[in-house]
Every structure is written in structure tokens, then in C-alpha cells.
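Written out below as C-alpha cells is the structure these notes cover.
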Amino acid sequence: MATILIGVVATSHSQEFKDGTIDTGDKYENASLEHYESPEIIKKRLAWWEDARFGMFIHWGLYAHDGCHWNGQYGRSEHMMLKLQIPIAEYKKIADAFNPVKFNADEWVSIAKNAGMKYMVITAKHHDGYAMFNSPSNAYNIVERSKWKRDPVKELAEACEKQGLKFGVYYSLGRDWHDPNCNSIKGRRSNTWDYPNEEGKVLEKYIEGKVKPQLKELMTQYNPAIMWFDTPEHVTKTQSLEILKLIHGINPDCIVNQRVGNRLGDYAVREQKIPETGQPDPWESCMTLNHTWGYNKIDREYKSVETLIYNLVDIASKGGNFLLNVGPTGEGVIPDLSVDRLQRMGNWLKVNGQAVYGTSVAHIKDFKWGKTTQRKTKDGTTLYLTIFEWPKDGLMTLEENLDIKEVSMLISPDYPVSYKKNGTSTTFNLPDVAQDPIATVLKIKLNE
Ligand code: JFZ
């Protein structure tokens, strides 16, 4: 967990932001979470998750059918139904046609595993309200309403179990464009074209009639290790607490993210960005590979593998987790450009994963060549210095008086790295050029 504590900004009133969302906690970067349980319970629940560091987010739903297009119009993102104000009667036709014949759960899980990811979170229900799982309580679901009739959430849960990844589900809480009672942000984020009477909507009816039954199904059918909520918006604190208790009543080990609303949940979420420093709460940064969460056939601008590895190590150095998104196609295929990036991240992690998994924040003064992490065991502390900018002539001076037992590079463990102590600083003599074109990790075991 992050050990740096920074100023806590507490605001009790909810506030509306420019983009129309309502504050439910995660925009106040430095605000702390509240818990209904003891810190020990939460720490124990998060133990595997804090070691994992890297997970796969999957946005997959009807919007992927034609890559965020509908009837020749561009729907921009997984928000296509709202953006184009597609009537439910029309959107249902996508459901009828959805037929991801190439879907293979084991393949998706292998892609995640080869990338070095330790967990997976898939959209069980996004804002369009369509359940991508078998939902006996609500017929608007993939098993009932698609040619395909399979349950990808079940298949992925099983494949994760088989291949040793933790499995989680995403559930859109405060937005549901299929439910007549889900109101959101004065109509700007809800379905007002099918259900124009925004004032007549009763969120409670939606929570009781759809959310709770579906959460019970998700919990009992797939036993997820994580419930990843989104857009809590008008959900009250009482409702957030009821939802948490419903989940923990079925599985007390299930991790819940902050977007269960009202500053509750086990960990904080940062979206599409990395904070400047460590955070008071356990945290996760979720990010897209290109610009869109759901599969968008014209969005081909991808982050480079260098940027992605930098982001992962940067996040780890601040005590956080990286949840990196893929948007599979309507056929059920993770796009090649995504697989390529993930595979190369995995190759780097095979050599350098020690610097990421199970590490914590290290406090090295003025480390300007990259990012640092550390691992503390009963045998002492090991520092990992991930170098992205190679020091000139291979000479790297840390303003630290280090009591060193052993020092080596993970990529070339036999290369004799020498060092010289000079009062309060230590200078390492590294090769003239970087050993890894992306990042070279220097591992320093300290005497303690
Ligand atoms: C939400 C969704 O609307 C989006 O489609 C995607 O699923 C993403 C992971 O989550 O978008 C948000 C939610 C919260 C913020 C921004 C976008 N926020 O608090 O800044």
C-alpha cells in the first residue's frame, strides 16, 4: 500500500462537474475512502490484489458489433446508444445479430497471462443495460437474446480459474439506458428518448428490481474476486452500503472498487491518468490502449509499448495497480495491435517482473533516470531502479548512503556492476549503453 500520506480534502456536499458527472469521490484526488469494516479486514482482502499490480480490463458489448458504428453512423465509443439516441427497439436488433463466432475464452485469458497480467475485469453490464451474462432475473441478456446464446462471463471465469488469473466483473451502476427507472444527471446521461419523463423515474425501483438481483447472480454464478462498479451518480450512501453488504454477505473476500459510490469501497480509481505521487488509499489506474474502451474500428492510435511499460512502472512506483483495457471486436477477437503491445509488455516483464509484482513505494532521493520500487522481506530490503533514460557514460550517482550487499542488472545478471561510495552518495558504474532498449532494471540488495 502507498505509504505517502498527503493532505486530505474532505467535502461533504456532492458537486456536479463540467462533463455532467457528479462527484462520488474519485475526482477528489486526495480524498480518503470510508469503510464500514475494520482496516485489517480490508488489508487482508486486498493482499493478492496489491501484489498483482497489473490486470486486463475488457470492454465488450453490443457497441463492438460494428466497431462503434450503427446504421452507417459513427457512435464514437461504447456510449454509442446515448450518442446516437438509438431507441431500445433498434438497439435490440444489434443484440439479435450479435454473433461473436471467434470468441475463445482460453485465448483471451492466455493473452492476458502472456502479458504478465494477474487479473481480468470484464464488462458484465455497461451503460446500455445489456447483460453479457446469463441473467435469469432480466431477459435483456446475451444468453436469452443473441444468436450465439453462450455466456462469455461464465467461460472467462472458468478460463481464469484454469489458468490461474483472478477474475472480476464490471457493472454500470448509475447508468442503464434500458431500465425505465434509471435517471442520471438531469437526463443528460439517461435514456430520455425512450423514457422522456425524467422526473417520474425512481432509482430505487431500478436498484431493487435490476441491480440487486443481477449482483446476486454475478456473485453466485461466477464468484468474482472483484466487483468493479462504475458511475454511481445518484446512488445514495444507504444504497452503496446495501450493495457492499449484499456482496460481502455472499463472499466477504470480494474486492469492491470506489465507484460503488459515496467514497465507499476498498480502493480508489484513477481513470486515464497517473497521479503525481503515491496515494493515501490503495489505488488503481485504468487506461485505454488507444482512445476508446469499447472496440472502435477507426481508432487506431495506440500507445507505444515504451509508454505502456513506463506507465506500469510509474504506477507501481507509486504503489498502484494498472488496469489496462482491450476492446474485443464483435466477432470476439482482441485486435492485433492490442495483442502486439501486450505481448511485448509480457516479454519485458518476464525478465523484469520482480521490479513490479509485490513491490512497494521506495524512497530514493532525486532518481532522475526512471522509477524505483522496493521489496521488503525478513532478509532485508531490495531496491529496484528501472532506468528509462540511460545515464551518461553509464555513471549513475544516487544521493544516498547505501549499505549494499549485492548489485546486478536483471537483464544481464552476470555483468559485474561496480559502485563507489563517496560520503553520502553512491556512484554505480554501468555499461556505456542501455542493456534493454526500453528499460533496464538495476537490482540492489541492501544489508540490514
Ligand atoms: C466510465 C464509462 O462511462 C466508460 O464508458 C468506461 O467504462 C470507463 C471505464 O468508465 O467513464 C468514466 C467514469 C468516471 C470518470 C470518467 C469517465 N471520472 O470520474 O472521471
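Each chain of the C-alpha cells is named A, B, ... in the order shown, its residues numbered from 1; ligands are numbered from 1 in display order.
Neighbours of ligand 1 at a cut-off of 7 Å, computed so that only C-alpha atoms and all ligand atoms are counted, are the residues A:Asp26, A:Lys27, A:Glu78, A:His79, A:His126, A:Asp230, A:Thr231, A:Glu271, A:Cys286, A:Trp293.
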I need the chosen residues saved as a compact mmCIF listing (two decimals), in the first residue's frame, with C-alpha atoms.
# COMPACT_ATOMS: atom_id res chain seq x y z
CA ASP A 26 -12.93 9.66 -7.29
CA LYS A 27 -12.47 13.16 -8.65
CA GLU A 78 -19.24 2.35 -26.00
CA HIS A 79 -21.61 5.27 -25.32
CA HIS A 126 -22.24 -1.48 -19.40
CA ASP A 230 -18.90 2.49 -12.49
CA THR A 231 -20.78 5.80 -12.50
CA GLU A 271 -9.07 6.99 -14.86
CA CYS A 286 -7.43 2.24 -15.56
CA TRP A 293 -12.77 1.50 -24.21
Can you list, as an MDAnalysis selection string, every protein, DNA or RNA residue that comes within 10 Å of Glu199 of chain A when you count only C-alpha atoms, leaving out same-chain residues fewer than 6 positions away? chainID A and resid 181 183 186:187
Output N, CA and C atoms for every residue in the selection just made, as a CSV table (one decimal), in the first residue's frame.
chain,number,residue,atom,x,y,z
A,181,ASN,N,-36.4,3.2,-15.0
A,181,ASN,CA,-36.3,4.0,-13.8
A,181,ASN,C,-34.9,4.5,-13.5
A,183,ASN,N,-32.5,7.1,-13.7
A,183,ASN,CA,-32.3,8.5,-14.1
A,183,ASN,C,-30.9,8.9,-13.8
A,186,LYS,N,-29.7,14.8,-14.4
A,186,LYS,CA,-30.8,15.6,-15.0
A,186,LYS,C,-31.0,15.2,-16.5
A,187,GLY,N,-31.0,13.9,-16.7
A,187,GLY,CA,-31.4,13.5,-18.0
A,187,GLY,C,-30.2,13.5,-19.0
All strand (DSSP E) positions in segment 285-422 of chain A, as a ChimeraX atom specification: /A:285-287,320-326,360-361,370-377,380-387,395-398,404-409,418-422
Which residues, written as number ranges by chain, have at least one atom at most 10 Å from Ser317 of chain A, with only C-alpha atoms counted and residues fewer than 5 positions away on the same chain left out? A: 2, 277-278, 311-312, 355-356, 359-363, 370-374, 384-386
Using C-alpha atoms, can you write the selected residues to a file as a PDB file, in the first residue's frame?
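For reference, out_29.pdb as written:
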ATOM      1  CA  ALA A   2       1.122   3.552  -0.650  1.00  0.00           C
ATOM      2  CA  THR A 277       2.646  10.849  -6.106  1.00  0.00           C
ATOM      3  CA  GLY A 278       1.571   7.871  -4.032  1.00  0.00           C
ATOM      4  CA  ASN A 311       3.128   3.730 -17.124  1.00  0.00           C
ATOM      5  CA  LEU A 312       3.158   0.333 -15.446  1.00  0.00           C
ATOM      6  CA  ALA A 355      10.652  -4.852 -10.127  1.00  0.00           C
ATOM      7  CA  VAL A 356       6.858  -4.671 -10.368  1.00  0.00           C
ATOM      8  CA  THR A 359       6.707  -4.310  -4.588  1.00  0.00           C
ATOM      9  CA  SER A 360       6.048  -1.152  -2.633  1.00  0.00           C
ATOM     10  CA  VAL A 361       6.973   2.516  -2.793  1.00  0.00           C
ATOM     11  CA  ALA A 362      10.702   3.179  -2.389  1.00  0.00           C
ATOM     12  CA  HIS A 363      12.065   6.492  -1.230  1.00  0.00           C
ATOM     13  CA  GLY A 370      13.438   6.356 -14.197  1.00  0.00           C
ATOM     14  CA  LYS A 371      11.286   4.876 -11.443  1.00  0.00           C
ATOM     15  CA  THR A 372      12.030   2.985  -8.248  1.00  0.00           C
ATOM     16  CA  THR A 373      10.295   0.264  -6.249  1.00  0.00           C
ATOM     17  CA  GLN A 374      11.361  -1.922  -3.367  1.00  0.00           C
ATOM     18  CA  TYR A 384      14.696  -1.924  -7.990  1.00  0.00           C
ATOM     19  CA  LEU A 385      15.791   1.001 -10.122  1.00  0.00           C
ATOM     20  CA  THR A 386      14.073   0.877 -13.502  1.00  0.00           C
TER      21      THR A 386
END
Which residues are close to Asn422 of chain A, i.e. within 12 Å by only C-alpha atoms, leaving aside same-chain residues fewer than 2 positions away? Reply as a PyMOL selection string. chain A and resi 397-402+419-420+424-428
Write out the residues from the selection above, keeping N, CA, C and O atoms, as a tab-separated table (two decimals), in the first residue's frame.
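Saved file again_14.tsv follows:
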chain	number	residue	atom	x	y	z
A	397	THR	N	24.88	8.45	-10.21
A	397	THR	CA	25.12	8.78	-8.80
A	397	THR	C	23.81	9.01	-8.06
A	397	THR	O	22.99	9.83	-8.47
A	398	LEU	N	23.62	8.25	-6.99
A	398	LEU	CA	22.45	8.45	-6.13
A	398	LEU	C	22.89	9.20	-4.88
A	398	LEU	O	23.91	8.87	-4.29
A	399	GLU	N	22.08	10.17	-4.48
A	399	GLU	CA	22.39	10.91	-3.25
A	399	GLU	C	21.91	10.10	-2.05
A	399	GLU	O	21.06	10.53	-1.28
A	400	GLU	N	22.45	8.92	-1.93
A	400	GLU	CA	22.04	8.02	-0.85
A	400	GLU	C	23.29	7.31	-0.35
A	400	GLU	O	24.15	6.94	-1.14
A	401	ASN	N	23.32	7.11	0.96
A	401	ASN	CA	24.41	6.34	1.54
A	401	ASN	C	23.92	4.90	1.70
A	401	ASN	O	23.33	4.55	2.71
A	402	LEU	N	24.13	4.10	0.66
A	402	LEU	CA	23.54	2.75	0.64
A	402	LEU	C	24.53	1.71	1.17
A	402	LEU	O	25.71	1.71	0.80
A	419	TYR	N	30.49	-0.23	-7.88
A	419	TYR	CA	29.99	1.04	-7.33
A	419	TYR	C	31.03	1.61	-6.38
A	419	TYR	O	31.91	0.89	-5.88
A	420	LYS	N	30.91	2.89	-6.20
A	420	LYS	CA	31.85	3.59	-5.32
A	420	LYS	C	31.06	4.46	-4.37
A	420	LYS	O	30.14	5.16	-4.79
A	424	THR	N	28.07	10.78	1.31
A	424	THR	CA	26.64	10.48	1.38
A	424	THR	C	26.08	10.01	0.04
A	424	THR	O	24.88	9.84	-0.11
A	425	SER	N	26.92	9.82	-0.96
A	425	SER	CA	26.39	9.38	-2.25
A	425	SER	C	27.03	8.07	-2.70
A	425	SER	O	28.06	7.64	-2.17
A	426	THR	N	26.36	7.43	-3.67
A	426	THR	CA	26.86	6.18	-4.22
A	426	THR	C	26.83	6.28	-5.74
A	426	THR	O	25.80	6.65	-6.31
A	427	THR	N	27.97	5.97	-6.39
A	427	THR	CA	28.02	6.03	-7.86
A	427	THR	C	28.15	4.62	-8.43
A	427	THR	O	29.05	3.87	-8.05
A	428	PHE	N	27.21	4.28	-9.33
A	428	PHE	CA	27.24	2.97	-9.97
A	428	PHE	C	27.91	3.09	-11.33
A	428	PHE	O	27.66	4.04	-12.07
Residues at most 6 Å from segment 233-240 of chain A, counting only C-alpha atoms, excluding those fewer than 3 positions away in the same chain, as a PyMOL selection string? chain A and resi 22+174+243+260-262
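Each of A:Gln258, A:Val433, A:Ile444, A:Lys162 was checked against Ser418 of chain A using only C-alpha atoms; the smallest atom-to-atom distance is that of A:Ile444.
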Show me, as a PDB file with all heavy atoms, in the first residue's frame, the residues that have an atom within 7 Å of Pro100 of chain A when counting only C-alpha atoms, minus same-chain residues fewer than 2 positions from it.
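That gives us result.pdb:
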ATOM      1  N   PHE A  98     -25.895 -10.070 -32.795  1.00  0.00           N
ATOM      2  CA  PHE A  98     -24.575 -10.261 -32.182  1.00  0.00           C
ATOM      3  C   PHE A  98     -24.196 -11.742 -32.195  1.00  0.00           C
ATOM      4  O   PHE A  98     -24.893 -12.597 -31.639  1.00  0.00           O
ATOM      5  CB  PHE A  98     -24.617  -9.738 -30.739  1.00  0.00           C
ATOM      6  CG  PHE A  98     -23.273  -9.528 -30.100  1.00  0.00           C
ATOM      7  CD1 PHE A  98     -22.407  -8.555 -30.590  1.00  0.00           C
ATOM      8  CD2 PHE A  98     -22.871 -10.282 -29.010  1.00  0.00           C
ATOM      9  CE1 PHE A  98     -21.164  -8.339 -29.997  1.00  0.00           C
ATOM     10  CE2 PHE A  98     -21.627 -10.081 -28.409  1.00  0.00           C
ATOM     11  CZ  PHE A  98     -20.779  -9.107 -28.909  1.00  0.00           C
ATOM     12  N   LYS A 102     -15.895 -16.043 -33.156  1.00  0.00           N
ATOM     13  CA  LYS A 102     -14.471 -16.315 -32.917  1.00  0.00           C
ATOM     14  C   LYS A 102     -14.074 -16.226 -31.442  1.00  0.00           C
ATOM     15  O   LYS A 102     -12.895 -16.357 -31.106  1.00  0.00           O
ATOM     16  CB  LYS A 102     -13.616 -15.354 -33.745  1.00  0.00           C
ATOM     17  CG  LYS A 102     -13.770 -15.582 -35.245  1.00  0.00           C
ATOM     18  CD  LYS A 102     -12.769 -14.793 -36.044  1.00  0.00           C
ATOM     19  CE  LYS A 102     -12.953 -15.063 -37.530  1.00  0.00           C
ATOM     20  NZ  LYS A 102     -12.437 -13.946 -38.345  1.00  0.00           N
ATOM     21  N   PHE A 103     -15.048 -15.968 -30.574  1.00  0.00           N
ATOM     22  CA  PHE A 103     -14.740 -15.835 -29.143  1.00  0.00           C
ATOM     23  C   PHE A 103     -14.140 -17.134 -28.595  1.00  0.00           C
ATOM     24  O   PHE A 103     -14.661 -18.217 -28.818  1.00  0.00           O
ATOM     25  CB  PHE A 103     -16.010 -15.497 -28.351  1.00  0.00           C
ATOM     26  CG  PHE A 103     -15.827 -15.533 -26.854  1.00  0.00           C
ATOM     27  CD1 PHE A 103     -15.254 -14.460 -26.195  1.00  0.00           C
ATOM     28  CD2 PHE A 103     -16.223 -16.637 -26.112  1.00  0.00           C
ATOM     29  CE1 PHE A 103     -15.076 -14.480 -24.809  1.00  0.00           C
ATOM     30  CE2 PHE A 103     -16.052 -16.673 -24.730  1.00  0.00           C
ATOM     31  CZ  PHE A 103     -15.477 -15.598 -24.076  1.00  0.00           C
ATOM     32  N   GLY A 330     -16.662  -7.372 -32.462  1.00  0.00           N
ATOM     33  CA  GLY A 330     -17.958  -8.042 -32.433  1.00  0.00           C
ATOM     34  C   GLY A 330     -17.843  -9.523 -32.736  1.00  0.00           C
ATOM     35  O   GLY A 330     -18.730 -10.304 -32.399  1.00  0.00           O
ATOM     36  N   GLU A 331     -16.767  -9.900 -33.387  1.00  0.00           N
ATOM     37  CA  GLU A 331     -16.551 -11.327 -33.660  1.00  0.00           C
ATOM     38  C   GLU A 331     -15.939 -12.043 -32.466  1.00  0.00           C
ATOM     39  O   GLU A 331     -15.819 -13.259 -32.456  1.00  0.00           O
ATOM     40  CB  GLU A 331     -15.609 -11.499 -34.848  1.00  0.00           C
ATOM     41  CG  GLU A 331     -16.254 -11.226 -36.182  1.00  0.00           C
ATOM     42  CD  GLU A 331     -15.383 -11.765 -37.302  1.00  0.00           C
ATOM     43  OE1 GLU A 331     -14.190 -11.378 -37.348  1.00  0.00           O
ATOM     44  OE2 GLU A 331     -15.881 -12.561 -38.105  1.00  0.00           O
ATOM     45  N   GLY A 332     -15.463 -11.243 -31.492  1.00  0.00           N
ATOM     46  CA  GLY A 332     -14.888 -11.854 -30.300  1.00  0.00           C
ATOM     47  C   GLY A 332     -13.378 -11.952 -30.337  1.00  0.00           C
ATOM     48  O   GLY A 332     -12.790 -12.801 -29.676  1.00  0.00           O
TER      49      GLY A 332
END
Residues near Thr288 of chain A, cut-off 10 Å, only C-alpha atoms, skip fewer than 2 positions along chain, as a list in words: Phe57, Ile58, His59, Glu271, Gln272, Cys286, Asn290, His291, Thr292, Trp293, Gly294, Tyr302, Lys303, Leu323, Leu324, Asn325, Val326 and Gly327 of chain A
Create the file for the chosen residues now, containing N, CA, C and O atoms and written as a compact mmCIF listing (two decimals), in the first residue's frame.
# COMPACT_ATOMS: atom_id res chain seq x y z
N PHE A 57 -8.45 -5.05 -18.40
CA PHE A 57 -9.82 -4.56 -18.41
C PHE A 57 -10.37 -4.95 -19.77
O PHE A 57 -9.65 -4.83 -20.78
N ILE A 58 -11.59 -5.43 -19.82
CA ILE A 58 -12.18 -5.77 -21.11
C ILE A 58 -13.52 -5.06 -21.24
O ILE A 58 -14.42 -5.28 -20.41
N HIS A 59 -13.64 -4.19 -22.23
CA HIS A 59 -14.92 -3.58 -22.55
C HIS A 59 -15.48 -4.30 -23.76
O HIS A 59 -14.94 -4.18 -24.87
N GLU A 271 -8.74 7.39 -13.50
CA GLU A 271 -9.07 6.99 -14.86
C GLU A 271 -8.27 7.76 -15.89
O GLU A 271 -8.25 8.99 -15.88
N GLN A 272 -7.59 7.04 -16.77
CA GLN A 272 -6.82 7.60 -17.89
C GLN A 272 -5.70 8.51 -17.42
O GLN A 272 -5.19 9.31 -18.20
N CYS A 286 -6.97 2.99 -14.39
CA CYS A 286 -7.43 2.24 -15.56
C CYS A 286 -7.20 3.09 -16.80
O CYS A 286 -7.32 4.31 -16.76
N ASN A 290 -5.77 2.51 -26.91
CA ASN A 290 -5.92 3.57 -27.92
C ASN A 290 -6.73 4.69 -27.27
O ASN A 290 -6.36 5.12 -26.20
N HIS A 291 -7.83 5.14 -27.88
CA HIS A 291 -8.60 6.21 -27.23
C HIS A 291 -9.95 5.76 -26.69
O HIS A 291 -10.62 6.51 -26.01
N THR A 292 -10.37 4.56 -27.07
CA THR A 292 -11.72 4.12 -26.75
C THR A 292 -11.70 2.85 -25.92
O THR A 292 -10.83 2.01 -26.09
N TRP A 293 -12.69 2.71 -25.04
CA TRP A 293 -12.77 1.50 -24.21
C TRP A 293 -13.35 0.34 -25.02
O TRP A 293 -12.77 -0.73 -25.09
N GLY A 294 -14.50 0.58 -25.64
CA GLY A 294 -15.10 -0.46 -26.48
C GLY A 294 -14.43 -0.49 -27.84
O GLY A 294 -13.82 0.51 -28.25
N TYR A 302 -2.56 3.98 -31.11
CA TYR A 302 -2.23 3.21 -29.90
C TYR A 302 -1.03 3.80 -29.15
O TYR A 302 -0.12 4.35 -29.76
N LYS A 303 -1.03 3.60 -27.86
CA LYS A 303 0.15 3.97 -27.07
C LYS A 303 1.29 3.01 -27.45
O LYS A 303 1.04 1.85 -27.78
N LEU A 323 -4.74 -1.18 -14.62
CA LEU A 323 -5.78 -1.98 -15.27
C LEU A 323 -5.87 -1.49 -16.71
O LEU A 323 -6.39 -0.41 -16.98
N LEU A 324 -5.31 -2.29 -17.61
CA LEU A 324 -5.14 -1.85 -19.00
C LEU A 324 -6.20 -2.50 -19.87
O LEU A 324 -6.39 -3.71 -19.84
N ASN A 325 -6.88 -1.66 -20.66
CA ASN A 325 -8.07 -2.11 -21.37
C ASN A 325 -7.82 -2.67 -22.77
O ASN A 325 -7.01 -2.14 -23.53
N VAL A 326 -8.59 -3.70 -23.12
CA VAL A 326 -8.72 -4.11 -24.52
C VAL A 326 -10.20 -4.08 -24.89
O VAL A 326 -11.07 -4.28 -24.04
N GLY A 327 -10.48 -3.83 -26.16
CA GLY A 327 -11.85 -3.83 -26.65
C GLY A 327 -11.98 -4.85 -27.76
O GLY A 327 -11.67 -4.55 -28.91
Could you check which of A:Gly320, A:Met117, A:Lys368, A:Ala47 is closest to Gln343 of chain A, using only C-alpha atoms?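 Between A:Gly320, A:Met117, A:Lys368, A:Ala47, the residue approaching Gln343 of chain A most closely is A:Met117.
Taking atom CA of Ser146 of chain A and atom CA of Asn99 of chain A as endpoints, the distance between them is 6.9 Å.
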